[in-house]
Each structure stands twice: as structure tokens, then as C-alpha cells.
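Asks: This is the structure I want to talk about, given as C-alpha cells.
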Amino acid sequence: MSKILGIDLGTTNSCMAIVEASEGEVLENSEGGRTTPSVIAINPKNDERYAGLMAKRQAVTNPENTIFSVKRFIGKKFSDSSLQKDMGMIPYKVKSGKNGDVSVQMVGKDYTPQEVSSMILSKLKSDAETKLGEKITQAVITVPAYFNDSQRKATKDAGTIAGLDVLRIINEPTAAALAYGLDKKTDETIAVYDLGGGTFDITILHIGDGVFEVKSTNGDTHLGGDDFDQRIISWLVEDFKKEQGIDLMQDNMAIQRLREAAEKAKIELSTVMESEINLPFITADASGPKHLVKTISRSHLENLIMDLVDKTIGPCKLAIKDAKLKTIDINEIILVGGMTRMPAIQSAVEKFFGKEANKGVNPDEVVAVGAAIQAG
């Protein structure tokens, strides 16, 4: 019996898992990572295609042929009003394709969001096959609770293009609850707080007799880890400009390095109180090369991002209200997404709900593990 892959196809990162001896187990990709950037690129010089980390690493030097956050466009019409905001934030070309659907461009060729998503899924599929030493033909893929029928169908089509028989499309918050074994509960109300790389969702679920019901869902489709990174980048750029009189935002190579350094510092500050950002030869002027060396403390980071943390609480209030509940009615809180490792976020969530959140399962992996458990 061949394995069924559970896939969390994320806006920023994706993750895959299988069930091994009735436990969900995350599979590493070919680079040894437990999550894979949801990024696809084509090199204009030789038409070579990159997926995952390779694509992310060359994003700033090849911006117009590097597709990221394609999940924002899947199953949508080009005329959709929510797309206009997205299009101002991306360096690649997005246009109206067949039947008024969205299409994106790499090296002069048009691709549908389903095709780009299928390239991410193909990488996951082939990496899983290498890891397991067997063919993978079936998968369960997760989507946000608010996805409509056309977005769900488009996600399923992406799986089909990648050569996968998609057995089911399930909601991400439901998958997270499955990973915690909450389907065994008889009558509980669960809040799933999901802060990913590009989006924020809060979902209120009710579980009764093994059946999940989405009571309400809310969020902000333009709030995620990338915004937190951007705050660090802006601080570094402003500081450097004051000290050296050079604007690093004009230099693509510098931006790519700043982006990676900001993310690394943010991650480190979830476990340590201080992090050093050290970027030698970041740029140069007539007087010679310039280096960027900065120390950022956890409290400084929290000052830079506290309004972003607060921005997640509004949707939580609305979700509770739409579910016709009070915070006291919530039995369990599940944290999803790497950003929820940040102590400031954990304390904001726990303060709002008035109880401690579940932290037993790795927040980057909980959705993929749940998808694998659903696949059984």
C-alpha cells in the first residue's frame, strides 16, 4: 500500500507529511529542510527552472521571473477587487488570461496559478519519493477555511497537473485540530490562530462526535511574517542611511541579503534576548567597501512590531462575535505558523483568550501532519 502524502500548500512555505506507524511524520525536502518555500523561478539566461529554496535565493536578482505567493491568485478572476492590492506588492507580471482568470508571466511565457502551484507540488512529490524510495500518487491538500469552491477546485487541479490523485481538500484549521487529536473530543470549541508568512487567519471550530464544523473565520490576507521582517529591514536601512549616507533599498543584492538577515534575526529572537546582524561588504562607495553590523534586542524588535501583533487581535474579536460566543467559551487554542513562536505573539493570544495555547506540535508542521492523519 503506497503512502498518501499530506500537503500544507502555503502562501509562503509548504510542508509535507506521511503517517508512519499511526503517527504523523514530516518529510524533509532534498535540501534537508522540513518546510519548502512556495517559490518558483525561471532563469532567463538558460530557461532552467528552480523550485523552493533555490528559487527563493535568487528572488531579488531575478525579480520579474520569480513567482511567490501565487496562492493569493488561485481560483480567482482577474477582475476580482482583492487582486488589485496584491498586484501593487509584487515585481512579476500578472494579467488576465483565459476566461478572465489570472495568469502570471515568467520569461515571456504565461502560466496559470494552478500550473505554478503544481510546480511546487511536483517538487514536494519528487522529494518525498526520493526520501521514501517509492512512488507517491495520492495526496490530501489543505486550504484556508475561507476558500470558496473555485479556489478549492483550482487547488485540486494543481495536484492533478503535478500527477497527484487528490483524495481530499481539507481546511487548514481542521487539519491543525486533527494533529492535536482533538477529533477525539466530544463537545469542544477550538480557536485556531494561524499567523503564516503572508497571511493571518483565525478560525473558530466546533467538534462534536468526530465532526468539525467551522463556526466562523476571519483574518487579514496581508499580514504575516514578511511584514515583521520588513520592519527590521526598514530599521536597518534607515540606520545605515543615517550613518553612511547610502540608501541600500536601491541595491537589489543588498536587499536580498537584508531580507535573509532580518528573517534570521527575528527567528533567533524567539529563543534568545539579543541577535547580531553582520553583513560584511553590503555595499561600497568611492571611499571603499561598507559593512553593516548591528545588534538587535528582543525588546527593540517588540517595539518595532507591536502594532502588527495588535492587528491580529481585531479579527479574533470579530470571529468570536460571528460565532456568537465569548472568549470564555473557547476550550482549546491552537497556534499555527512559524510566527506563533514569537513570545510577544503567544502572550498577546493568551491574554486575549485568557488561557494558555497548545504548543505541543511544531507550528510550521501542524497542518501538514493533520493532512497526513486525515489521509490515514
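Residue numbering restarts at 1 in every chain; chains get A, B, ... in the order shown in the C-alpha cells, and ligands count up from 1 in that same order.
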Quick one: residues within 6 Å of Leu205 (chain A), only C-alpha atoms counted, chain neighbours fewer than 2 positions away excluded, as a list of chain:residue names?
Replies: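 What passes the distance filter is A:Thr189, A:Ile190, A:Glu213, A:Val214, A:Lys215.
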Asks: Please produce an output containing N, CA and C atoms for each residue in the selection, written as a PDB file, in the first residue's frame.
Replies:
```
ATOM      1  N   THR A 189     -15.111  23.665  21.736  1.00  0.00           N
ATOM      2  CA  THR A 189     -14.948  24.787  20.810  1.00  0.00           C
ATOM      3  C   THR A 189     -13.464  25.148  20.786  1.00  0.00           C
ATOM      4  N   ILE A 190     -12.934  25.226  19.582  1.00  0.00           N
ATOM      5  CA  ILE A 190     -11.489  25.400  19.397  1.00  0.00           C
ATOM      6  C   ILE A 190     -11.218  26.667  18.594  1.00  0.00           C
ATOM      7  N   GLU A 213     -17.020  21.484  12.654  1.00  0.00           N
ATOM      8  CA  GLU A 213     -17.856  22.484  11.996  1.00  0.00           C
ATOM      9  C   GLU A 213     -17.175  23.843  12.161  1.00  0.00           C
ATOM     10  N   VAL A 214     -17.007  24.555  11.023  1.00  0.00           N
ATOM     11  CA  VAL A 214     -16.418  25.895  11.094  1.00  0.00           C
ATOM     12  C   VAL A 214     -17.515  26.864  11.542  1.00  0.00           C
ATOM     13  N   LYS A 215     -17.338  27.438  12.725  1.00  0.00           N
ATOM     14  CA  LYS A 215     -18.334  28.372  13.262  1.00  0.00           C
ATOM     15  C   LYS A 215     -18.134  29.778  12.680  1.00  0.00           C
TER      16      LYS A 215
END
```
Asks: So which bits of region 65-303 of chain A end up strand (DSSP E) when you DSSP the backbone, as a PDB file with N, CA and C atoms, in the first residue's frame?
Replies:
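Result file follows (out16.pdb):
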```
ATOM      1  N   THR A  66      10.434  35.434 -10.895  1.00  0.00           N
ATOM      2  CA  THR A  66      10.330  34.636  -9.660  1.00  0.00           C
ATOM      3  C   THR A  66       8.925  34.799  -9.098  1.00  0.00           C
ATOM      4  N   ILE A  67       8.182  33.710  -9.078  1.00  0.00           N
ATOM      5  CA  ILE A  67       6.776  33.763  -8.646  1.00  0.00           C
ATOM      6  C   ILE A  67       6.664  33.276  -7.210  1.00  0.00           C
ATOM      7  N   PHE A  68       6.155  34.162  -6.335  1.00  0.00           N
ATOM      8  CA  PHE A  68       5.903  33.770  -4.941  1.00  0.00           C
ATOM      9  C   PHE A  68       4.469  34.173  -4.588  1.00  0.00           C
ATOM     10  N   VAL A  94       1.359  40.120 -13.685  1.00  0.00           N
ATOM     11  CA  VAL A  94       0.099  39.396 -13.514  1.00  0.00           C
ATOM     12  C   VAL A  94      -0.886  39.991 -14.514  1.00  0.00           C
ATOM     13  N   LYS A  95      -1.563  39.125 -15.284  1.00  0.00           N
ATOM     14  CA  LYS A  95      -2.514  39.670 -16.266  1.00  0.00           C
ATOM     15  C   LYS A  95      -3.742  38.791 -16.393  1.00  0.00           C
ATOM     16  N   SER A  96      -4.662  39.232 -17.228  1.00  0.00           N
ATOM     17  CA  SER A  96      -5.891  38.468 -17.441  1.00  0.00           C
ATOM     18  C   SER A  96      -5.613  37.377 -18.473  1.00  0.00           C
ATOM     19  N   VAL A 102      -6.739  34.616 -13.772  1.00  0.00           N
ATOM     20  CA  VAL A 102      -5.437  35.267 -13.594  1.00  0.00           C
ATOM     21  C   VAL A 102      -4.364  34.444 -14.304  1.00  0.00           C
ATOM     22  N   SER A 103      -3.391  35.117 -14.893  1.00  0.00           N
ATOM     23  CA  SER A 103      -2.199  34.389 -15.329  1.00  0.00           C
ATOM     24  C   SER A 103      -0.961  35.193 -14.954  1.00  0.00           C
ATOM     25  N   VAL A 104       0.136  34.484 -14.702  1.00  0.00           N
ATOM     26  CA  VAL A 104       1.391  35.146 -14.316  1.00  0.00           C
ATOM     27  C   VAL A 104       2.446  34.832 -15.378  1.00  0.00           C
ATOM     28  N   GLN A 105       3.477  35.690 -15.435  1.00  0.00           N
ATOM     29  CA  GLN A 105       4.455  35.545 -16.511  1.00  0.00           C
ATOM     30  C   GLN A 105       5.859  35.266 -15.985  1.00  0.00           C
ATOM     31  N   MET A 106       6.518  34.277 -16.629  1.00  0.00           N
ATOM     32  CA  MET A 106       7.947  34.054 -16.373  1.00  0.00           C
ATOM     33  C   MET A 106       8.619  33.927 -17.731  1.00  0.00           C
ATOM     34  N   LYS A 109       6.534  33.844 -20.919  1.00  0.00           N
ATOM     35  CA  LYS A 109       5.507  32.808 -21.097  1.00  0.00           C
ATOM     36  C   LYS A 109       4.482  32.914 -19.975  1.00  0.00           C
ATOM     37  N   ASP A 110       3.209  32.710 -20.325  1.00  0.00           N
ATOM     38  CA  ASP A 110       2.135  32.818 -19.326  1.00  0.00           C
ATOM     39  C   ASP A 110       1.866  31.474 -18.645  1.00  0.00           C
ATOM     40  N   TYR A 111       1.605  31.550 -17.339  1.00  0.00           N
ATOM     41  CA  TYR A 111       1.266  30.352 -16.559  1.00  0.00           C
ATOM     42  C   TYR A 111       0.049  30.665 -15.695  1.00  0.00           C
ATOM     43  N   GLN A 138      -0.936   9.642  -4.438  1.00  0.00           N
ATOM     44  CA  GLN A 138      -2.132  10.209  -3.800  1.00  0.00           C
ATOM     45  C   GLN A 138      -1.770  11.236  -2.724  1.00  0.00           C
ATOM     46  N   ALA A 139      -2.661  12.220  -2.560  1.00  0.00           N
ATOM     47  CA  ALA A 139      -2.390  13.258  -1.560  1.00  0.00           C
ATOM     48  C   ALA A 139      -3.682  13.834  -0.990  1.00  0.00           C
ATOM     49  N   VAL A 140      -3.548  14.397   0.208  1.00  0.00           N
ATOM     50  CA  VAL A 140      -4.598  15.240   0.797  1.00  0.00           C
ATOM     51  C   VAL A 140      -3.966  16.621   0.916  1.00  0.00           C
ATOM     52  N   ILE A 141      -4.642  17.647   0.368  1.00  0.00           N
ATOM     53  CA  ILE A 141      -4.080  19.010   0.369  1.00  0.00           C
ATOM     54  C   ILE A 141      -4.990  19.921   1.190  1.00  0.00           C
ATOM     55  N   THR A 142      -4.372  20.824   1.944  1.00  0.00           N
ATOM     56  CA  THR A 142      -5.156  21.726   2.794  1.00  0.00           C
ATOM     57  C   THR A 142      -5.331  23.105   2.149  1.00  0.00           C
ATOM     58  N   VAL A 143      -6.443  23.766   2.519  1.00  0.00           N
ATOM     59  CA  VAL A 143      -6.716  25.141   2.059  1.00  0.00           C
ATOM     60  C   VAL A 143      -7.272  25.947   3.234  1.00  0.00           C
ATOM     61  N   ASP A 165      -3.258  12.193  -7.390  1.00  0.00           N
ATOM     62  CA  ASP A 165      -4.696  11.987  -7.231  1.00  0.00           C
ATOM     63  C   ASP A 165      -5.053  12.599  -5.876  1.00  0.00           C
ATOM     64  N   VAL A 166      -5.745  13.756  -5.899  1.00  0.00           N
ATOM     65  CA  VAL A 166      -6.056  14.463  -4.651  1.00  0.00           C
ATOM     66  C   VAL A 166      -7.323  13.843  -4.039  1.00  0.00           C
ATOM     67  N   LEU A 167      -7.119  13.079  -2.980  1.00  0.00           N
ATOM     68  CA  LEU A 167      -8.242  12.351  -2.371  1.00  0.00           C
ATOM     69  C   LEU A 167      -9.211  13.303  -1.693  1.00  0.00           C
ATOM     70  N   ARG A 168      -8.648  14.321  -1.032  1.00  0.00           N
ATOM     71  CA  ARG A 168      -9.498  15.293  -0.349  1.00  0.00           C
ATOM     72  C   ARG A 168      -8.811  16.649  -0.261  1.00  0.00           C
ATOM     73  N   ILE A 169      -9.652  17.678  -0.211  1.00  0.00           N
ATOM     74  CA  ILE A 169      -9.161  19.029   0.105  1.00  0.00           C
ATOM     75  C   ILE A 169      -9.755  19.327   1.476  1.00  0.00           C
ATOM     76  N   ILE A 170      -8.914  19.575   2.484  1.00  0.00           N
ATOM     77  CA  ILE A 170      -9.480  19.854   3.820  1.00  0.00           C
ATOM     78  C   ILE A 170      -9.034  21.219   4.334  1.00  0.00           C
ATOM     79  N   ASN A 171      -9.803  21.755   5.274  1.00  0.00           N
ATOM     80  CA  ASN A 171      -9.498  23.073   5.834  1.00  0.00           C
ATOM     81  C   ASN A 171      -8.255  23.009   6.723  1.00  0.00           C
ATOM     82  N   ASP A 187     -17.340  17.381  22.711  1.00  0.00           N
ATOM     83  CA  ASP A 187     -18.080  18.624  22.524  1.00  0.00           C
ATOM     84  C   ASP A 187     -17.192  19.780  22.963  1.00  0.00           C
ATOM     85  N   GLU A 188     -16.422  20.314  21.992  1.00  0.00           N
ATOM     86  CA  GLU A 188     -15.479  21.382  22.342  1.00  0.00           C
ATOM     87  C   GLU A 188     -15.473  22.478  21.291  1.00  0.00           C
ATOM     88  N   THR A 189     -15.111  23.665  21.736  1.00  0.00           N
ATOM     89  CA  THR A 189     -14.948  24.787  20.810  1.00  0.00           C
ATOM     90  C   THR A 189     -13.464  25.148  20.786  1.00  0.00           C
ATOM     91  N   ILE A 190     -12.934  25.226  19.582  1.00  0.00           N
ATOM     92  CA  ILE A 190     -11.489  25.400  19.397  1.00  0.00           C
ATOM     93  C   ILE A 190     -11.218  26.667  18.594  1.00  0.00           C
ATOM     94  N   ALA A 191     -10.233  27.454  19.042  1.00  0.00           N
ATOM     95  CA  ALA A 191      -9.781  28.616  18.260  1.00  0.00           C
ATOM     96  C   ALA A 191      -8.443  28.255  17.626  1.00  0.00           C
ATOM     97  N   VAL A 192      -8.358  28.397  16.304  1.00  0.00           N
ATOM     98  CA  VAL A 192      -7.096  28.140  15.605  1.00  0.00           C
ATOM     99  C   VAL A 192      -6.544  29.479  15.111  1.00  0.00           C
ATOM    100  N   TYR A 193      -5.430  29.882  15.714  1.00  0.00           N
ATOM    101  CA  TYR A 193      -4.778  31.168  15.402  1.00  0.00           C
ATOM    102  C   TYR A 193      -3.605  30.861  14.492  1.00  0.00           C
ATOM    103  N   ASP A 194      -3.699  31.285  13.230  1.00  0.00           N
ATOM    104  CA  ASP A 194      -2.717  30.894  12.222  1.00  0.00           C
ATOM    105  C   ASP A 194      -2.053  32.138  11.621  1.00  0.00           C
ATOM    106  N   LEU A 195      -0.817  32.386  12.047  1.00  0.00           N
ATOM    107  CA  LEU A 195      -0.058  33.524  11.502  1.00  0.00           C
ATOM    108  C   LEU A 195       1.095  32.975  10.675  1.00  0.00           C
ATOM    109  N   PHE A 200      -2.825  36.014   7.771  1.00  0.00           N
ATOM    110  CA  PHE A 200      -3.264  35.702   9.129  1.00  0.00           C
ATOM    111  C   PHE A 200      -4.719  35.237   9.094  1.00  0.00           C
ATOM    112  N   ASP A 201      -4.982  34.099   9.738  1.00  0.00           N
ATOM    113  CA  ASP A 201      -6.353  33.582   9.843  1.00  0.00           C
ATOM    114  C   ASP A 201      -6.658  33.200  11.271  1.00  0.00           C
ATOM    115  N   ILE A 202      -7.889  33.474  11.676  1.00  0.00           N
ATOM    116  CA  ILE A 202      -8.377  32.958  12.961  1.00  0.00           C
ATOM    117  C   ILE A 202      -9.679  32.218  12.658  1.00  0.00           C
ATOM    118  N   THR A 203      -9.778  30.978  13.115  1.00  0.00           N
ATOM    119  CA  THR A 203     -10.970  30.173  12.846  1.00  0.00           C
ATOM    120  C   THR A 203     -11.502  29.592  14.151  1.00  0.00           C
ATOM    121  N   ILE A 204     -12.803  29.674  14.304  1.00  0.00           N
ATOM    122  CA  ILE A 204     -13.456  29.047  15.466  1.00  0.00           C
ATOM    123  C   ILE A 204     -14.129  27.768  14.971  1.00  0.00           C
ATOM    124  N   LEU A 205     -13.714  26.644  15.555  1.00  0.00           N
ATOM    125  CA  LEU A 205     -14.257  25.337  15.161  1.00  0.00           C
ATOM    126  C   LEU A 205     -15.052  24.748  16.315  1.00  0.00           C
ATOM    127  N   HIS A 206     -16.097  23.975  15.945  1.00  0.00           N
ATOM    128  CA  HIS A 206     -16.774  23.190  16.980  1.00  0.00           C
ATOM    129  C   HIS A 206     -16.597  21.726  16.626  1.00  0.00           C
ATOM    130  N   ILE A 207     -16.232  20.925  17.608  1.00  0.00           N
ATOM    131  CA  ILE A 207     -16.074  19.491  17.365  1.00  0.00           C
ATOM    132  C   ILE A 207     -17.100  18.731  18.187  1.00  0.00           C
ATOM    133  N   GLY A 208     -17.830  17.863  17.504  1.00  0.00           N
ATOM    134  CA  GLY A 208     -18.803  17.011  18.197  1.00  0.00           C
ATOM    135  C   GLY A 208     -18.859  15.680  17.483  1.00  0.00           C
ATOM    136  N   VAL A 211     -16.869  15.182  14.285  1.00  0.00           N
ATOM    137  CA  VAL A 211     -17.185  16.034  13.130  1.00  0.00           C
ATOM    138  C   VAL A 211     -16.820  17.483  13.453  1.00  0.00           C
ATOM    139  N   PHE A 212     -16.054  18.098  12.544  1.00  0.00           N
ATOM    140  CA  PHE A 212     -15.670  19.500  12.730  1.00  0.00           C
ATOM    141  C   PHE A 212     -16.637  20.418  11.993  1.00  0.00           C
ATOM    142  N   GLU A 213     -17.020  21.484  12.654  1.00  0.00           N
ATOM    143  CA  GLU A 213     -17.856  22.484  11.996  1.00  0.00           C
ATOM    144  C   GLU A 213     -17.175  23.843  12.161  1.00  0.00           C
ATOM    145  N   VAL A 214     -17.007  24.555  11.023  1.00  0.00           N
ATOM    146  CA  VAL A 214     -16.418  25.895  11.094  1.00  0.00           C
ATOM    147  C   VAL A 214     -17.515  26.864  11.542  1.00  0.00           C
ATOM    148  N   LYS A 215     -17.338  27.438  12.725  1.00  0.00           N
ATOM    149  CA  LYS A 215     -18.334  28.372  13.262  1.00  0.00           C
ATOM    150  C   LYS A 215     -18.134  29.778  12.680  1.00  0.00           C
ATOM    151  N   SER A 216     -16.873  30.182  12.537  1.00  0.00           N
ATOM    152  CA  SER A 216     -16.576  31.479  11.940  1.00  0.00           C
ATOM    153  C   SER A 216     -15.109  31.514  11.554  1.00  0.00           C
ATOM    154  N   THR A 217     -14.801  32.406  10.612  1.00  0.00           N
ATOM    155  CA  THR A 217     -13.398  32.582  10.244  1.00  0.00           C
ATOM    156  C   THR A 217     -13.169  34.048   9.894  1.00  0.00           C
ATOM    157  N   ASN A 218     -11.996  34.549  10.222  1.00  0.00           N
ATOM    158  CA  ASN A 218     -11.682  35.945   9.967  1.00  0.00           C
ATOM    159  C   ASN A 218     -10.174  36.040   9.761  1.00  0.00           C
ATOM    160  N   GLY A 219      -9.678  37.243   9.529  1.00  0.00           N
ATOM    161  CA  GLY A 219      -8.228  37.354   9.362  1.00  0.00           C
ATOM    162  C   GLY A 219      -7.838  38.571   8.554  1.00  0.00           C
ATOM    163  N   ASP A 220      -6.598  38.541   8.100  1.00  0.00           N
ATOM    164  CA  ASP A 220      -6.051  39.629   7.307  1.00  0.00           C
ATOM    165  C   ASP A 220      -5.147  38.982   6.267  1.00  0.00           C
ATOM    166  N   GLU A 274      19.042  38.613  22.413  1.00  0.00           N
ATOM    167  CA  GLU A 274      19.778  39.549  21.565  1.00  0.00           C
ATOM    168  C   GLU A 274      20.338  38.815  20.355  1.00  0.00           C
ATOM    169  N   SER A 275      20.332  39.482  19.205  1.00  0.00           N
ATOM    170  CA  SER A 275      20.839  38.852  17.988  1.00  0.00           C
ATOM    171  C   SER A 275      21.725  39.843  17.241  1.00  0.00           C
ATOM    172  N   GLU A 276      22.812  39.329  16.638  1.00  0.00           N
ATOM    173  CA  GLU A 276      23.695  40.207  15.868  1.00  0.00           C
ATOM    174  C   GLU A 276      23.431  40.034  14.383  1.00  0.00           C
ATOM    175  N   ILE A 277      23.309  41.158  13.687  1.00  0.00           N
ATOM    176  CA  ILE A 277      23.178  41.139  12.233  1.00  0.00           C
ATOM    177  C   ILE A 277      24.508  41.629  11.678  1.00  0.00           C
ATOM    178  N   ASN A 278      25.200  40.748  10.966  1.00  0.00           N
ATOM    179  CA  ASN A 278      26.544  41.064  10.495  1.00  0.00           C
ATOM    180  C   ASN A 278      26.629  40.813   8.990  1.00  0.00           C
ATOM    181  N   LEU A 279      26.651  41.889   8.209  1.00  0.00           N
ATOM    182  CA  LEU A 279      26.685  41.770   6.746  1.00  0.00           C
ATOM    183  C   LEU A 279      27.902  42.520   6.192  1.00  0.00           C
ATOM    184  N   PRO A 280      29.046  41.821   6.087  1.00  0.00           N
ATOM    185  CA  PRO A 280      30.232  42.489   5.541  1.00  0.00           C
ATOM    186  C   PRO A 280      30.056  42.804   4.053  1.00  0.00           C
ATOM    187  N   PHE A 281      30.724  43.836   3.587  1.00  0.00           N
ATOM    188  CA  PHE A 281      30.694  44.214   2.160  1.00  0.00           C
ATOM    189  C   PHE A 281      29.262  44.347   1.630  1.00  0.00           C
ATOM    190  N   ILE A 282      28.386  44.962   2.418  1.00  0.00           N
ATOM    191  CA  ILE A 282      26.986  45.104   1.999  1.00  0.00           C
ATOM    192  C   ILE A 282      26.882  46.025   0.784  1.00  0.00           C
ATOM    193  N   THR A 283      27.788  47.005   0.697  1.00  0.00           N
ATOM    194  CA  THR A 283      27.809  47.914  -0.451  1.00  0.00           C
ATOM    195  C   THR A 283      29.170  48.625  -0.460  1.00  0.00           C
ATOM    196  N   ALA A 284      29.336  49.533  -1.396  1.00  0.00           N
ATOM    197  CA  ALA A 284      30.607  50.276  -1.448  1.00  0.00           C
ATOM    198  C   ALA A 284      30.361  51.656  -2.044  1.00  0.00           C
ATOM    199  N   ASP A 285      31.220  52.606  -1.683  1.00  0.00           N
ATOM    200  CA  ASP A 285      31.192  53.907  -2.362  1.00  0.00           C
ATOM    201  C   ASP A 285      32.640  54.277  -2.729  1.00  0.00           C
ATOM    202  N   GLY A 288      35.448  53.174  -0.545  1.00  0.00           N
ATOM    203  CA  GLY A 288      35.729  51.750  -0.328  1.00  0.00           C
ATOM    204  C   GLY A 288      34.502  50.977   0.146  1.00  0.00           C
ATOM    205  N   PRO A 289      34.689  49.687   0.520  1.00  0.00           N
ATOM    206  CA  PRO A 289      33.550  48.848   0.919  1.00  0.00           C
ATOM    207  C   PRO A 289      32.938  49.277   2.260  1.00  0.00           C
ATOM    208  N   LYS A 290      31.650  48.989   2.410  1.00  0.00           N
ATOM    209  CA  LYS A 290      30.936  49.304   3.661  1.00  0.00           C
ATOM    210  C   LYS A 290      30.405  48.004   4.274  1.00  0.00           C
ATOM    211  N   HIS A 291      30.448  47.952   5.599  1.00  0.00           N
ATOM    212  CA  HIS A 291      29.936  46.766   6.306  1.00  0.00           C
ATOM    213  C   HIS A 291      28.761  47.189   7.178  1.00  0.00           C
ATOM    214  N   LEU A 292      27.836  46.244   7.380  1.00  0.00           N
ATOM    215  CA  LEU A 292      26.704  46.528   8.268  1.00  0.00           C
ATOM    216  C   LEU A 292      26.779  45.568   9.457  1.00  0.00           C
ATOM    217  N   VAL A 293      26.967  46.121  10.636  1.00  0.00           N
ATOM    218  CA  VAL A 293      26.984  45.308  11.859  1.00  0.00           C
ATOM    219  C   VAL A 293      26.053  45.964  12.867  1.00  0.00           C
ATOM    220  N   LYS A 294      25.030  45.236  13.279  1.00  0.00           N
ATOM    221  CA  LYS A 294      24.030  45.782  14.204  1.00  0.00           C
ATOM    222  C   LYS A 294      23.620  44.723  15.210  1.00  0.00           C
ATOM    223  N   THR A 295      23.302  45.172  16.408  1.00  0.00           N
ATOM    224  CA  THR A 295      22.751  44.256  17.400  1.00  0.00           C
ATOM    225  C   THR A 295      21.312  44.677  17.660  1.00  0.00           C
ATOM    226  N   ILE A 296      20.418  43.693  17.647  1.00  0.00           N
ATOM    227  CA  ILE A 296      19.007  43.992  17.933  1.00  0.00           C
ATOM    228  C   ILE A 296      18.548  43.134  19.109  1.00  0.00           C
ATOM    229  N   SER A 297      17.892  43.761  20.068  1.00  0.00           N
ATOM    230  CA  SER A 297      17.414  43.010  21.238  1.00  0.00           C
ATOM    231  C   SER A 297      15.958  42.620  21.023  1.00  0.00           C
TER     232      SER A 297
END
```
Asks: Find the spatial neighbours of Lys311 (chain A), counting only C-alpha atoms, within a cut-off of 10 Å - ignore same-chain residues fewer than 2 positions away - and output them as a list of chain:residue names.
Replies: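 Returned residues: A:Phe200, A:Gly219, A:Asp220, A:Leu223, A:Met306, A:Asp307, A:Leu308, A:Val309, A:Ile313, A:Gly314, A:Pro315, A:Cys316.
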Asks: Between A:Leu9, A:Leu258, A:Met89, A:Ala154, which residue has the minimum interatomic distance to Gly196 (chain A), considering only C-alpha atoms?
Replies: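 Smallest distance to Gly196 (chain A) is found for A:Leu9.
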Asks: May I ask which of the residues A:Arg259, A:Lys71, A:Lys77, A:Lys135 is the closest one to Ile233 (chain A), counting only C-alpha atoms?
Replies: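 Closest candidate: A:Arg259.
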Asks: Given the choices A:Gly354, A:Gly24, A:Pro63, A:Gly163, which gets closest to Leu178 (chain A) if the distance is worked out from only C-alpha atoms?
Replies: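 The answer is A:Gly24, which sits nearest to Leu178 (chain A).
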Asks: Among the residues of region 83-234 of chain A, find those DSSP assigns to alpha helix (DSSP H) from the backbone and print them as a compact mmCIF listing (two decimals) with C-alpha atoms, in the first residue's frame.
Replies:
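Listed below is the output, result-v8.txt:
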```
# COMPACT_ATOMS: atom_id res chain seq x y z
CA LEU A 83 -6.25 41.33 -6.59
CA GLN A 84 -5.52 44.98 -7.22
CA LYS A 85 -3.93 45.39 -3.79
CA ASP A 86 -1.82 42.26 -4.32
CA MET A 87 -0.58 43.42 -7.70
CA PRO A 113 -1.69 29.92 -10.73
CA GLN A 114 -2.64 26.22 -10.86
CA GLU A 115 0.39 25.47 -13.05
CA VAL A 116 2.74 27.38 -10.73
CA SER A 117 1.25 25.63 -7.66
CA SER A 118 1.64 22.29 -9.46
CA MET A 119 5.39 23.02 -9.84
CA ILE A 120 5.62 23.43 -6.05
CA LEU A 121 3.61 20.22 -5.55
CA SER A 122 5.82 18.39 -8.11
CA LYS A 123 8.92 19.30 -6.10
CA LEU A 124 7.29 18.06 -2.87
CA LYS A 125 6.15 14.85 -4.62
CA SER A 126 9.56 14.09 -6.12
CA ASP A 127 11.40 14.92 -2.88
CA ALA A 128 9.01 12.63 -0.96
CA GLU A 129 9.60 9.83 -3.48
CA THR A 130 13.39 10.20 -3.14
CA LYS A 131 13.11 10.18 0.65
CA LEU A 132 10.78 7.16 0.82
CA ASP A 149 -15.47 26.32 -4.38
CA SER A 150 -13.49 27.70 -7.29
CA GLN A 151 -10.36 28.18 -5.14
CA ARG A 152 -10.73 24.61 -3.81
CA LYS A 153 -11.23 23.18 -7.29
CA ALA A 154 -8.19 25.12 -8.61
CA THR A 155 -6.06 23.71 -5.75
CA LYS A 156 -7.22 20.20 -6.64
CA ASP A 157 -6.40 20.87 -10.32
CA ALA A 158 -2.87 21.91 -9.30
CA GLY A 159 -2.47 18.49 -7.65
CA THR A 160 -3.74 16.73 -10.78
CA ILE A 161 -1.27 18.64 -13.01
CA GLU A 172 -6.17 24.09 7.41
CA PRO A 173 -7.67 24.72 10.90
CA THR A 174 -9.36 21.31 10.80
CA ALA A 175 -6.03 19.70 9.89
CA ALA A 176 -4.34 21.53 12.80
CA ALA A 177 -7.00 20.24 15.20
CA LEU A 178 -6.54 16.68 13.86
CA ALA A 179 -2.80 16.89 14.50
CA GLY A 225 5.89 37.07 8.91
CA ASP A 226 7.09 39.00 5.85
CA ASP A 227 5.67 42.22 7.36
CA PHE A 228 7.61 41.58 10.58
CA ASP A 229 10.81 41.05 8.55
CA GLN A 230 10.11 44.26 6.66
CA ARG A 231 10.10 46.25 9.92
CA ILE A 232 13.62 45.02 10.70
CA ILE A 233 14.77 45.75 7.13
CA SER A 234 13.37 49.31 7.28
```
Asks: Tell me, in Å to one decimal, how far CA of Pro363 (chain A) is from CA of Met16 (chain A).
Replies: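 Value for the CA of Pro363 (chain A)-CA of Met16 (chain A) distance: 13.2 Å.
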Asks: CA of Glu28 (chain A) to CA of Lys3 (chain A): how many Å, to one decimal?
Replies: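 One can read the CA of Glu28 (chain A) to CA of Lys3 (chain A) distance as 15.2 Å.
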Asks: Between A:Gly97, A:Gly338, A:Gly32, A:Pro37, which is the closest to Val366 (chain A) once you count only C-alpha atoms?
Replies: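 When distances to Val366 (chain A) are compared using only C-alpha atoms, the smallest one comes from A:Gly338.
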Asks: So that I can check the surroundings of Phe353 (chain A), please list as number ranges by chain every protein, DNA and RNA residue that reaches within 9 Å of it, counting only C-alpha atoms and ignoring chain neighbours fewer than 6 positions away.
Replies: A: 327-328, 330, 333
